[in-house]
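A.B. asks: Next comes the structure file work.txt, holding compact mmCIF, C-alpha atoms and all ligand atoms.
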```txt
# COMPACT_ATOMS: atom_id res chain seq x y z
CA MET F 1 0.00 0.00 0.00
CA VAL F 2 1.13 3.54 -0.73
CA SER F 3 -0.11 6.40 1.41
CA GLN F 4 -0.90 9.53 -0.60
CA GLY F 5 -2.08 12.07 1.94
CA ALA F 6 -5.61 11.08 2.85
CA THR F 7 -5.75 8.55 0.02
CA VAL F 8 -4.43 5.04 0.44
CA LEU F 9 -3.76 3.40 -2.89
CA THR F 10 -3.21 -0.32 -3.30
CA LEU F 11 -0.30 -0.88 -5.67
CA GLN F 12 -2.37 -3.16 -7.86
CA GLU F 13 -5.24 -0.70 -8.16
CA PRO F 14 -5.53 1.08 -11.50
CA VAL F 15 -3.91 4.51 -11.52
CA VAL F 16 -6.74 5.70 -13.75
CA GLN F 17 -10.20 4.16 -13.43
CA VAL F 18 -13.02 5.27 -15.70
CA ARG F 19 -16.49 3.83 -15.13
CA GLY F 20 -19.68 4.44 -17.07
CA LEU F 21 -18.36 7.61 -18.69
CA THR F 22 -20.75 9.59 -20.83
CA THR F 23 -19.62 12.78 -22.53
CA ARG F 24 -21.48 14.95 -24.98
CA PHE F 25 -21.42 18.31 -26.69
CA GLY F 26 -25.04 19.38 -26.92
CA THR F 27 -26.81 16.45 -28.54
CA ASN F 28 -23.56 14.98 -29.92
CA VAL F 29 -22.80 12.04 -27.63
CA ILE F 30 -19.08 11.20 -27.74
CA HIS F 31 -18.82 8.48 -25.08
CA ASP F 32 -21.66 6.40 -23.72
CA GLY F 33 -20.94 4.15 -20.73
CA LEU F 34 -17.20 3.91 -21.39
CA ASN F 35 -14.98 1.93 -19.00
CA LEU F 36 -11.18 1.99 -18.94
CA ASP F 37 -8.37 1.18 -16.50
CA ILE F 38 -4.76 2.30 -16.70
CA ARG F 39 -2.51 0.13 -14.56
CA PRO F 40 0.44 1.33 -12.48
CA GLY F 41 3.58 1.79 -14.52
CA GLU F 42 2.09 0.86 -17.87
CA ILE F 43 2.04 2.78 -21.13
CA LEU F 44 -1.50 2.46 -22.43
CA GLY F 45 -2.04 3.45 -26.04
CA VAL F 46 -5.47 4.76 -27.05
CA VAL F 47 -6.37 4.45 -30.72
CA GLY F 48 -9.51 4.74 -32.80
CA GLY F 49 -10.84 6.36 -35.93
CA SER F 50 -10.83 10.12 -36.31
CA GLY F 51 -13.47 11.70 -34.10
CA THR F 52 -14.02 8.66 -31.87
CA GLY F 53 -13.25 10.80 -28.85
CA LYS F 54 -9.66 10.00 -27.90
CA SER F 55 -8.71 13.58 -27.10
CA VAL F 56 -12.03 14.25 -25.39
CA LEU F 57 -11.44 11.19 -23.22
CA LEU F 58 -7.97 12.43 -22.26
CA ARG F 59 -9.24 15.92 -21.50
CA THR F 60 -12.10 14.54 -19.43
CA ILE F 61 -9.82 12.30 -17.38
CA ILE F 62 -7.55 15.20 -16.49
CA GLY F 63 -10.57 17.27 -15.47
CA LEU F 64 -10.59 19.83 -18.29
CA LEU F 65 -13.97 18.68 -19.61
CA GLN F 66 -16.98 17.79 -17.51
CA PRO F 67 -18.60 14.44 -18.18
CA ALA F 68 -22.38 14.13 -18.43
CA ALA F 69 -22.22 10.96 -16.32
CA GLY F 70 -19.78 8.45 -14.88
CA ASP F 71 -17.00 8.16 -12.39
CA ILE F 72 -13.32 8.93 -12.97
CA ARG F 73 -10.61 8.21 -10.42
CA VAL F 74 -6.98 9.13 -10.80
CA LEU F 75 -4.50 7.87 -8.18
CA GLY F 76 -7.46 6.81 -6.07
CA ARG F 77 -9.08 10.22 -6.04
CA ARG F 78 -12.31 11.07 -7.74
CA ILE F 79 -12.27 13.67 -10.47
CA LYS F 80 -15.32 15.72 -9.56
CA PRO F 81 -17.87 16.53 -12.25
CA ASN F 82 -17.45 20.22 -11.46
CA GLY F 83 -13.87 20.05 -12.70
CA GLU F 84 -12.36 20.26 -9.19
CA ARG F 85 -9.19 18.21 -9.30
CA HIS F 86 -8.36 18.18 -5.57
CA GLY F 87 -4.64 18.75 -5.77
CA LEU F 88 -4.31 16.14 -8.49
CA ALA F 89 -3.21 18.62 -11.13
CA GLN F 90 0.38 18.56 -9.87
CA ARG F 91 0.47 14.76 -10.00
CA MET F 92 -0.60 14.67 -13.67
CA GLY F 93 1.67 15.83 -16.49
CA VAL F 94 0.10 16.63 -19.84
CA LEU F 95 1.53 17.05 -23.32
CA PHE F 96 -1.08 18.51 -25.65
CA GLN F 97 -1.19 17.93 -29.39
CA GLN F 98 0.44 21.20 -30.42
CA GLY F 99 2.88 21.38 -27.52
CA ALA F 100 1.04 24.46 -26.22
CA LEU F 101 4.17 26.35 -25.22
CA TYR F 102 3.96 30.11 -24.74
CA SER F 103 5.51 31.60 -27.86
CA SER F 104 6.70 34.76 -26.08
CA LEU F 105 8.69 32.80 -23.49
CA THR F 106 11.92 30.87 -23.95
CA VAL F 107 11.87 27.12 -23.36
CA LEU F 108 13.52 27.63 -19.96
CA GLU F 109 10.93 30.27 -19.03
CA ASN F 110 8.09 28.01 -20.22
CA VAL F 111 9.22 25.16 -17.97
CA ALA F 112 10.10 27.45 -15.06
CA LEU F 113 6.68 29.11 -15.21
CA VAL F 114 5.01 25.86 -14.14
CA LEU F 115 7.30 25.66 -11.13
CA VAL F 116 6.67 29.28 -10.17
CA GLU F 117 2.90 29.04 -10.59
CA HIS F 118 2.23 25.58 -9.13
CA ALA F 119 5.16 24.85 -6.82
CA LYS F 120 5.49 28.54 -5.81
CA LEU F 121 9.25 28.41 -6.30
CA PRO F 122 11.24 31.65 -6.56
CA ARG F 123 12.13 32.34 -10.17
CA ARG F 124 15.86 31.56 -9.78
CA GLU F 125 15.24 28.16 -8.23
CA ALA F 126 12.53 27.44 -10.77
CA GLU F 127 14.97 28.13 -13.60
CA HIS F 128 17.60 25.84 -12.06
CA LEU F 129 15.07 23.01 -11.84
CA ALA F 130 13.75 23.78 -15.31
CA ALA F 131 17.28 23.37 -16.68
CA VAL F 132 17.41 19.90 -15.08
CA LYS F 133 14.13 18.93 -16.76
CA ILE F 134 15.37 20.25 -20.10
CA ALA F 135 18.45 18.03 -19.78
CA LEU F 136 16.26 15.10 -18.71
CA VAL F 137 14.41 15.12 -22.04
CA GLY F 138 17.68 15.16 -23.96
CA LEU F 139 17.71 18.79 -25.07
CA PRO F 140 21.00 20.69 -25.07
CA SER F 141 21.08 23.50 -22.50
CA ILE F 142 21.24 26.08 -25.31
CA ALA F 143 17.69 25.03 -26.26
CA GLY F 144 16.51 26.56 -22.99
CA GLU F 145 17.40 30.00 -24.31
CA ARG F 146 15.43 29.58 -27.52
CA TYR F 147 11.85 30.57 -28.25
CA PRO F 148 9.49 27.83 -29.47
CA ALA F 149 9.46 29.28 -33.00
CA GLU F 150 13.23 28.73 -33.15
CA LEU F 151 12.98 24.98 -32.46
CA SER F 152 12.45 21.97 -34.70
CA GLY F 153 9.26 19.90 -34.29
CA GLY F 154 11.14 17.23 -32.35
CA MET F 155 12.67 19.80 -30.01
CA ILE F 156 9.27 21.38 -29.38
CA LYS F 157 7.86 18.00 -28.35
CA ARG F 158 10.78 17.48 -25.99
CA ALA F 159 10.38 20.98 -24.56
CA ALA F 160 6.67 20.33 -24.01
CA LEU F 161 7.59 17.05 -22.35
CA ALA F 162 10.04 18.86 -20.07
CA ARG F 163 7.22 21.15 -19.07
CA ALA F 164 4.87 18.21 -18.51
CA LEU F 165 7.49 16.66 -16.22
CA ALA F 166 8.25 19.89 -14.35
CA LEU F 167 6.29 18.96 -11.23
CA ASP F 168 7.47 15.32 -11.10
CA PRO F 169 4.05 13.89 -12.02
CA GLU F 170 3.15 10.25 -11.41
CA VAL F 171 0.88 10.03 -14.45
CA LEU F 172 1.65 11.38 -17.88
CA PHE F 173 -0.99 12.10 -20.53
CA LEU F 174 0.27 12.45 -24.08
CA ASP F 175 -1.93 13.53 -26.99
CA GLU F 176 -0.35 12.61 -30.34
CA PRO F 177 3.23 13.24 -29.17
CA THR F 178 4.84 12.08 -32.44
CA ALA F 179 2.37 13.74 -34.85
CA GLY F 180 4.21 15.83 -37.40
CA LEU F 181 7.64 14.41 -36.56
CA ASP F 182 9.87 12.76 -39.13
CA PRO F 183 10.29 9.01 -38.53
CA ILE F 184 13.73 9.36 -36.94
CA SER F 185 12.62 12.07 -34.49
CA ALA F 186 9.48 10.07 -33.73
CA ALA F 187 11.52 6.92 -32.98
CA GLU F 188 13.82 8.96 -30.75
CA PHE F 189 10.80 10.32 -28.90
CA ASP F 190 9.49 6.76 -28.43
CA GLN F 191 12.81 5.70 -26.90
CA LEU F 192 12.83 8.75 -24.65
CA LEU F 193 9.35 7.91 -23.44
CA LEU F 194 10.37 4.34 -22.62
CA THR F 195 13.52 5.49 -20.84
CA LEU F 196 11.62 8.02 -18.75
CA ARG F 197 8.83 5.58 -17.89
CA ASN F 198 11.41 3.02 -16.76
CA ALA F 199 13.53 5.52 -14.86
CA LEU F 200 10.73 7.48 -13.22
CA GLY F 201 8.10 4.75 -12.86
CA LEU F 202 5.53 6.83 -14.72
CA THR F 203 2.10 5.61 -15.73
CA VAL F 204 1.29 6.85 -19.22
CA MET F 205 -1.85 7.35 -21.31
CA LEU F 206 -0.82 7.85 -24.91
CA VAL F 207 -3.30 8.92 -27.58
CA THR F 208 -1.79 8.23 -30.97
CA HIS F 209 -2.33 7.20 -34.58
CA ASP F 210 1.32 6.24 -34.89
CA LEU F 211 1.66 2.48 -35.33
CA ASP F 212 5.42 2.56 -34.83
CA THR F 213 4.91 4.28 -31.48
CA LEU F 214 2.26 1.74 -30.47
CA TYR F 215 4.49 -1.21 -31.26
CA ALA F 216 7.59 0.39 -29.75
CA THR F 217 6.19 1.68 -26.49
CA CYS F 218 2.78 0.37 -25.41
CA ASP F 219 2.19 -2.38 -22.86
CA ARG F 220 -1.49 -2.41 -23.77
CA VAL F 221 -3.66 -0.74 -26.37
CA ALA F 222 -7.30 0.35 -26.06
CA VAL F 223 -9.42 0.78 -29.19
CA LEU F 224 -12.23 3.35 -29.08
CA ALA F 225 -15.27 2.65 -31.25
CA ASN F 226 -19.02 3.14 -30.98
CA LYS F 227 -18.59 5.52 -28.01
CA ARG F 228 -16.82 2.88 -25.88
CA VAL F 229 -13.63 0.90 -25.50
CA LEU F 230 -14.13 -1.84 -28.06
CA THR F 231 -11.18 -3.88 -26.86
CA VAL F 232 -8.10 -3.45 -24.67
CA GLY F 233 -5.05 -5.64 -24.22
CA PRO F 234 -1.56 -6.40 -25.51
CA ILE F 235 -1.19 -5.08 -29.04
CA ASN F 236 -0.88 -8.49 -30.70
CA ASP F 237 -4.15 -9.63 -29.10
CA VAL F 238 -5.94 -6.38 -29.95
CA ALA F 239 -4.76 -6.65 -33.56
CA GLN F 240 -6.71 -9.92 -33.89
CA THR F 241 -10.05 -8.33 -32.91
CA ASN F 242 -12.82 -9.12 -35.35
CA ASP F 243 -13.74 -5.56 -36.28
CA ALA F 244 -13.46 -3.83 -39.63
CA TRP F 245 -11.62 -0.75 -38.37
CA VAL F 246 -9.22 -2.79 -36.24
CA GLN F 247 -8.44 -5.09 -39.15
CA ALA F 248 -7.91 -2.20 -41.56
CA TYR F 249 -5.68 -0.44 -39.02
CA PHE F 250 -3.61 -3.34 -37.69
CA GLN F 251 -3.42 -5.51 -40.78
CA GLY F 252 -2.69 -2.76 -43.32
CA PRO F 253 0.74 -2.20 -44.90
CA ARG F 254 1.77 0.41 -42.33
CA ALA F 255 1.06 -2.00 -39.47
CA ARG F 256 2.98 -4.77 -41.20
CA ALA F 257 5.92 -2.40 -41.61
CA ALA F 258 5.69 -1.32 -37.96
CA ARG F 259 5.83 -4.98 -36.89
CA GLY F 260 8.73 -5.60 -39.21
CA ASP F 261 6.72 -8.09 -41.34
CA VAL F 262 7.76 -6.46 -44.61
N1 LIG F 301 -15.02 21.68 -27.67
C1 LIG F 301 -15.80 20.92 -28.46
N2 LIG F 301 -17.05 21.33 -28.81
C2 LIG F 301 -17.84 20.57 -29.58
N3 LIG F 301 -17.49 19.37 -30.08
C3 LIG F 301 -16.27 18.91 -29.79
C4 LIG F 301 -15.35 19.65 -28.97
N4 LIG F 301 -14.22 18.94 -28.83
C5 LIG F 301 -14.40 17.82 -29.54
N5 LIG F 301 -15.62 17.80 -30.11
C6 LIG F 301 -16.16 16.70 -30.94
O1 LIG F 301 -15.99 15.49 -30.23
C7 LIG F 301 -15.69 14.44 -31.14
C8 LIG F 301 -14.44 13.74 -30.68
O2 LIG F 301 -13.34 14.62 -30.80
P1 LIG F 301 -11.87 14.18 -30.43
O3 LIG F 301 -10.99 15.35 -30.70
O4 LIG F 301 -11.84 13.58 -29.08
O5 LIG F 301 -11.59 13.02 -31.49
P2 LIG F 301 -10.30 12.17 -31.70
O6 LIG F 301 -10.68 10.74 -31.59
O7 LIG F 301 -9.21 12.64 -30.79
O8 LIG F 301 -9.99 12.52 -33.22
P3 LIG F 301 -8.63 12.68 -34.04
O9 LIG F 301 -8.05 11.31 -34.13
O10 LIG F 301 -9.07 13.19 -35.36
O11 LIG F 301 -7.73 13.64 -33.28
C9 LIG F 301 -15.58 15.07 -32.52
O12 LIG F 301 -16.80 14.86 -33.17
C10 LIG F 301 -15.39 16.54 -32.22
O13 LIG F 301 -15.92 17.33 -33.24
```
Could you rewrite the structure in this file as structure tokens?

C.D. replies:
Amino acid sequence: MVSQGATVLTLQEPVVQVRGLTTRFGTNVIHDGLNLDIRPGEILGVVGGSGTGKSVLLRTIIGLLQPAAGDIRVLGRRIKPNGERHGLAQRMGVLFQQGALYSSLTVLENVALVLVEHAKLPRREAEHLAAVKIALVGLPSIAGERYPAELSGGMIKRAALARALALDPEVLFLDEPTAGLDPISAAEFDQLLLTLRNALGLTVMLVTHDLDTLYATCDRVAVLANKRVLTVGPINDVAQTNDAWVQAYFQGPRARAARGDV
């Protein structure tokens, strides 16, 4: 058992537990009774056709969107429907699709800002720690002095990852982290993710379309379809699911290449 303040979390308990989740925008129902667990220390990949609600699911789990119904627990604590995250925000790191760095701040200032705002560190200390995080994600220290517009796509993803890791989170949420990267940068990012998960013991939810990333990094994969999780498990099991989208996705030429079949 691990004691987390008032919350006692059994090590085997899921780090993220979603039960009966319903989300909607007006009359557009995105999820309807969705269940999902993310286990301690795993990298769970979430895939599904465009518009199946992968990003909405991620944003709902971290408390940015309010569900219409259902129960979400992260690290044993309930994410309240009113968006109140009860001190969980600091324990969850998030990398959004576009990186979402402030363009008017340098990379070092972007990372340090999180430490000033959330950990209430003095600016000097925050910048020292930010430099450590920048090194952790494999960026040269000079990158800290650059503005986001001066960085390559791969460097921006790493900078955004440094920011996501600023507060030493236990759970990391990544939305399309390798989108827009060339294959070499994407493979390097995959390796970085694995290294960090192993070194820091992170639990990771990874929304992606990238088959190479799925095969390289994920312990389990969840497929979203028809407003729910259609199937979840090790990638080779999931790939056998009798479903048209799953077959087209996992048995197509890109999947065969990702597995090294061709
Ligand atoms: N803020 C919003 N207001 C209204 N509808 C939204 C909003 N955000 C998302 N949606 C709708 O919710 C559905 C799911 O969107 P979401 O971005 O989660 O899909 P996705 O599975 O991540 O897709 P993709 O793979 O293309 O990124 C879409 O129909 C989208 O138009």

A.B. asks: Step by step: start from the point (10.6, 27.4, -8.8) in the file's coordinates, keep every protein, DNA or RNA residue that has an atom no farther than 12 Å from it, count all atoms listed in the file, and write the set as a VMD selection string.

C.D. replies: chain F and resid 108 to 132 166 to 167

A.B. asks: Can you pull out every residue with an atom within 12 Å of ligand LIG 301 (chain F)? Use all atoms listed in the file and format it as JSON, numbers by chain.

C.D. replies: {"F": [23, 24, 25, 26, 27, 28, 29, 30, 31, 46, 47, 48, 49, 50, 51, 52, 53, 54, 55, 56, 57, 58, 59, 60, 61, 64, 65, 66, 96, 97, 98, 174, 175, 176, 177, 179, 206, 207, 208, 209, 210, 223, 224, 225, 226, 227, 228, 229]}

A.B. asks: Rank nothing, just name the residue among F:Gly201, F:Gly45, F:Gly63, F:Pro40 nearest to Gly233 of chain F, using only C-alpha atoms.

C.D. replies: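 Of the candidates, the smallest distance to Gly233 of chain F is held by F:Gly45.
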
A.B. asks: If you measure from atom CA of Asn35 of chain F to atom CA of Glu13 of chain F, what distance in Å do you get, rounded to one decimal?

C.D. replies: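 Between these atoms lies a distance of 14.8 Å.
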
A.B. asks: Between F:Leu165, F:Pro148, F:Thr213, F:Leu172, which has the minimum distance to Ile184 of chain F (counting all atoms listed in the file)?

C.D. replies: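 Closest candidate: F:Thr213.
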
A.B. asks: Quick one, how far is atom CA of Leu105 of chain F from atom CA of Val171 of chain F?

C.D. replies: 25.7 Å

A.B. asks: With distances taken over all atoms listed in the file, which of F:Ile38, F:Leu88, F:Leu192, F:Leu21 is nearest to Pro67 of chain F?

C.D. replies: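 Looking only at the distances to Pro67 of chain F, the closest residue turns out to be F:Leu21.
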
A.B. asks: Of the candidates F:Glu42, F:Gly70, F:Gly252, F:Leu230, which shows the shortest atom-to-atom distance to Thr203 of chain F, using only C-alpha atoms?

C.D. replies: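 Looking only at the distances to Thr203 of chain F, the closest residue turns out to be F:Glu42.
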
A.B. asks: Mind giving me the straight-line distance from atom CA of Ala258 of chain F to atom CA of Asp212 of chain F in Å, one decimal?

C.D. replies: 5.0 Å

A.B. asks: Between F:Thr231, F:Gln251, F:Gln240, F:Ser152, which is the closest to Gly180 of chain F once you count all atoms listed in the file?

C.D. replies: F:Ser152

A.B. asks: Using all atoms listed in the file, find the one residue out of F:Leu196, F:Leu139, F:Ala149, F:Ile79 that sits nearest to Gln17 of chain F.

C.D. replies: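 Of the candidates, the smallest distance to Gln17 of chain F is held by F:Ile79.
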
A.B. asks: Do a neighbour search on Leu151 of chain F at 12 Å with only C-alpha atoms, toss out local chain neighbours closer than 4 positions, and write the hits as a VMD selection string.

C.D. replies: chain F and resid 99 101 103 106 to 107 139 to 140 142 to 147 155 to 160
